[in-house]
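Working notes for the structure below.
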Amino acid sequence: MSIAYTSGEPSGIGPDIALIYAQKERNEDLLVYGDPDVLINRAKLLNLPISLKDHKTRKANELSIYPIKTKSRVEPGKLNPDNSDYVLSLIRHATNDCVNKNCGGMLTGPINKAVINQSGIEFIGHTEYLADLTQTPKTVMLLATDQLKVALATTHLALKDVSKNITKESLIKVITIINNDFKYLGVDNPSILVCGLNPHAGENGYLGDEELITIIPALNSLKKNGINLIGPVPADTAFTPDSLKNIDVVLAMYHDQGLPVLKAKGFKNAANITLGLPFIRTSVDHGTALDLAGTGNISLGSFNTALSYFKTLTNNASPA
């Protein structure tokens with residue numbers, strides 16, 4: 001079954017990734033959601049041979065295409081708000097195909113949140129948009145490298161909004177999803193290290209009471225169900241080698257508490273995984289790299305990692 005690849009922001013490197021990947025024979029059927037003209041024009045810039053097909057192909061220099069037209073002309077490196085709905089339509093069509101089992105899951109290319117919002121469309125991020133499209137009450141953003149996996153209790157929020165969005169109920173849902181879905185990564189009953197929200201995990205309430213009021217009660221409730229939890233621990237020492245011994249995943253309370261450490265360890269070789277959806281979704285861990293679009297000077301490291309995790313998740317989700 002095909003992997004739905006949404007080519008993302010057309011003026012960025014999302015189309016380039018698909019074209020460079022297609023230069024070799026491969027085992028996977030990649031169905032690219034995008035504008036054929038964008039792909040053809042980008043291939044010319046990259047001086048790459050390409051043939052777009054409307055059927056599954058694994059041959060070198062060929063790509064399967066789900067054609068969707070942009071609204072306005074695309075120039076590499078130049079964002080155009082007029083194409084914002086096109087970017088979202090790629091995700092909508094791919095989601096529909098994944099939900100209806102026409103594709104085996106989704107691998108998403110990079111998008112630019114700012115230009116989508118600039119167009120007048122309120123947009124937070126892939127993770128939230130996919131949850132809304134599939135009417136999934138709760139999803140979890142997980143970033144993964146070979147060395148480290150970090151899940152987030154909250155995703156794309158301003159720092160001032162983080163505390164009020166962390167509740168006992170939301171933490172229970174997030175941790176339950178992590179515990180249940182890690183089996184698709186080959187880990188049953190994962191060991192989950194939970195960061196505190198405040199410096200020193202609140203210092204017994206002197207530096208904030210969220211740990212006492214919210215986080216600890218949530219963890220205690222889940223421990224009664226046999227979930228393997230450690231914490232809350234101070235985030236400034238959570239990522240030390242000693243702290244990470246025998247840990248499968250770290251749960252950070254907000255985006256920039258955990259992801260800078262993960263990206264420092266494995267940028268360009270990390271993948272974004274959305275847990276809790278009715279289908280598998282992985283993504284590259286980088287942005288649109290507008291300055292590199294059409295230059296050929298890009299790495300497929302993160303794409304290859306996302307593809308590798310996609311295969312792992314698919315294999316472990318399949319009946320034995």
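Naming works like this for the structure tokens: A, B, ... for the chains as they're shown, residue 1 at the start of each chain, ligands 1 onward in shown order.
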
Which polymer residues have any atom within 8 Å of an atom of Leu90 of chain A, counting only C-alpha atoms, with same-chain residues fewer than 6 positions away left out, as number ranges by chain?
A: 6-8, 33-34, 68

Segment 210-316 of chain A near segment 46-50 of chain A within 10 Å: what's each residue's closest atom pair and its distance in Å to one decimal, counting only C-alpha atoms, ordered by chain then ascending residue number, as CSV?
```
residue,atom,partner,partner_atom,distance
A:Ala293,CA,A:Leu46,CA,9.3
A:Gly294,CA,A:Leu46,CA,5.8
A:Thr295,CA,A:Leu46,CA,6.4
A:Gly296,CA,A:Leu46,CA,5.9
A:Asn297,CA,A:Leu46,CA,9.6
```

Hey, what does DSSP flag as helix (DSSP H, G or I) within segment 246-305 of chain A? Can you give it to me as number ranges by chain?
A: 255-266, 290-292, 301-305

Interatomic distance between atom CA of Ala238 of chain A and atom CA of Lys224 of chain A?
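Computing it gives 23.3 Å between the two atoms.
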
Near segment 279-290 of chain A, counting only C-alpha atoms, which residues have an atom at most 7 Å away, once you skip same-chain residues fewer than 3 positions from it, shown as an mmCIF file with C-alpha atoms, in the first residue's frame?
```cif
data_model
loop_
_atom_site.group_PDB
_atom_site.id
_atom_site.type_symbol
_atom_site.label_atom_id
_atom_site.label_comp_id
_atom_site.auth_asym_id
_atom_site.auth_seq_id
_atom_site.Cartn_x
_atom_site.Cartn_y
_atom_site.Cartn_z
ATOM 1 C CA GLU A 9 5.125 24.356 1.122
ATOM 2 C CA SER A 11 8.382 27.159 -2.494
ATOM 3 C CA GLY A 12 10.400 25.136 0.037
ATOM 4 C CA ILE A 13 12.321 21.873 -0.169
ATOM 5 C CA GLY A 14 9.347 19.501 0.193
ATOM 6 C CA PRO A 76 11.508 28.569 -5.122
ATOM 7 C CA GLY A 77 12.377 30.452 -1.962
ATOM 8 C CA CYS A 98 -5.417 7.290 4.875
ATOM 9 C CA VAL A 99 -8.705 7.158 6.785
ATOM 10 C CA GLY A 105 -0.261 6.156 6.274
ATOM 11 C CA MET A 106 1.232 9.600 5.825
ATOM 12 C CA LEU A 107 4.704 11.101 5.696
ATOM 13 C CA THR A 108 4.542 14.879 5.669
ATOM 14 C CA GLY A 109 6.901 17.373 4.103
ATOM 15 C CA PRO A 110 7.659 20.728 5.747
ATOM 16 C CA ILE A 111 5.201 23.619 5.826
ATOM 17 C CA ASN A 112 5.429 27.271 6.849
ATOM 18 C CA LYS A 268 18.602 16.106 10.263
ATOM 19 C CA ALA A 270 15.204 12.848 13.655
ATOM 20 C CA ALA A 271 11.551 12.272 12.834
ATOM 21 C CA ASN A 272 8.297 13.717 14.091
ATOM 22 C CA ILE A 273 5.666 11.067 14.907
ATOM 23 C CA THR A 274 2.044 11.744 15.801
ATOM 24 C CA ALA A 293 14.878 25.111 -2.535
ATOM 25 C CA SER A 302 15.417 13.389 8.312
ATOM 26 C CA PHE A 303 13.241 12.066 5.470
ATOM 27 C CA ALA A 306 10.891 9.419 9.068
ATOM 28 C CA PHE A 310 7.111 4.678 9.267
#
```

Each residue of segment 26-122 of chain A lying at most 9 Å from segment 130-140 of chain A should get a row with its shortest atom-to-atom pair and the distance in Å to one decimal, counting only C-alpha atoms; could you produce that, ordered by chain and increasing number, as JSON lines?
```
{"residue": "A:Ile91", "atom": "CA", "partner": "A:Leu130", "partner_atom": "CA", "distance": 7.9}
{"residue": "A:Arg92", "atom": "CA", "partner": "A:Leu133", "partner_atom": "CA", "distance": 7.3}
{"residue": "A:Thr95", "atom": "CA", "partner": "A:Leu133", "partner_atom": "CA", "distance": 7.5}
{"residue": "A:Asn96", "atom": "CA", "partner": "A:Leu133", "partner_atom": "CA", "distance": 8.7}
{"residue": "A:Val99", "atom": "CA", "partner": "A:Thr134", "partner_atom": "CA", "distance": 7.9}
```

I need the chosen residues saved as a PDB file, in the first residue's frame, with C-alpha atoms.
```pdb
ATOM      1  CA  ILE A  91      -3.040  17.284   3.994  1.00  0.00           C
ATOM      2  CA  ARG A  92      -6.823  17.047   3.657  1.00  0.00           C
ATOM      3  CA  THR A  95      -5.848  12.292   5.344  1.00  0.00           C
ATOM      4  CA  ASN A  96      -8.980  11.213   3.527  1.00  0.00           C
ATOM      5  CA  VAL A  99      -8.705   7.158   6.785  1.00  0.00           C
TER       6      VAL A  99
END
```

Write out as number ranges by chain the set of residues from segment 198-311 of chain A that DSSP, computed on the backbone, places in strand (DSSP E).
A: 229-233, 249-252, 271-275, 281-284

Skipping near chain neighbours, those fewer than 5 positions away, what residues fall within 12 Å of segment 205-218 of chain A using only C-alpha atoms, listed as a ChimeraX atom specification?
/A:153,162-176,194-200,223-225,227,229-234,251-253

Work out how far apart atom CA of Lys69 of chain A and atom CA of Ser84 of chain A are and give it in Å to one decimal.
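So the two atoms, atom CA of Lys69 of chain A and atom CA of Ser84 of chain A, lie 11.8 Å apart.
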
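Nearest residue to Gly226 of chain A among A:Ile298, A:Asn100, A:Asn189, A:Lys245 is A:Asn189, counting only C-alpha atoms.
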
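Here the question is which of A:Asn180, A:Ser119, A:Thr237, A:Thr127 gets nearest to Leu143 of chain A using only C-alpha atoms, and that residue is A:Thr127.
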
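When atom CA of Asp16 of chain A is paired with atom CA of Glu128 of chain A, their separation reads 25.4 Å.
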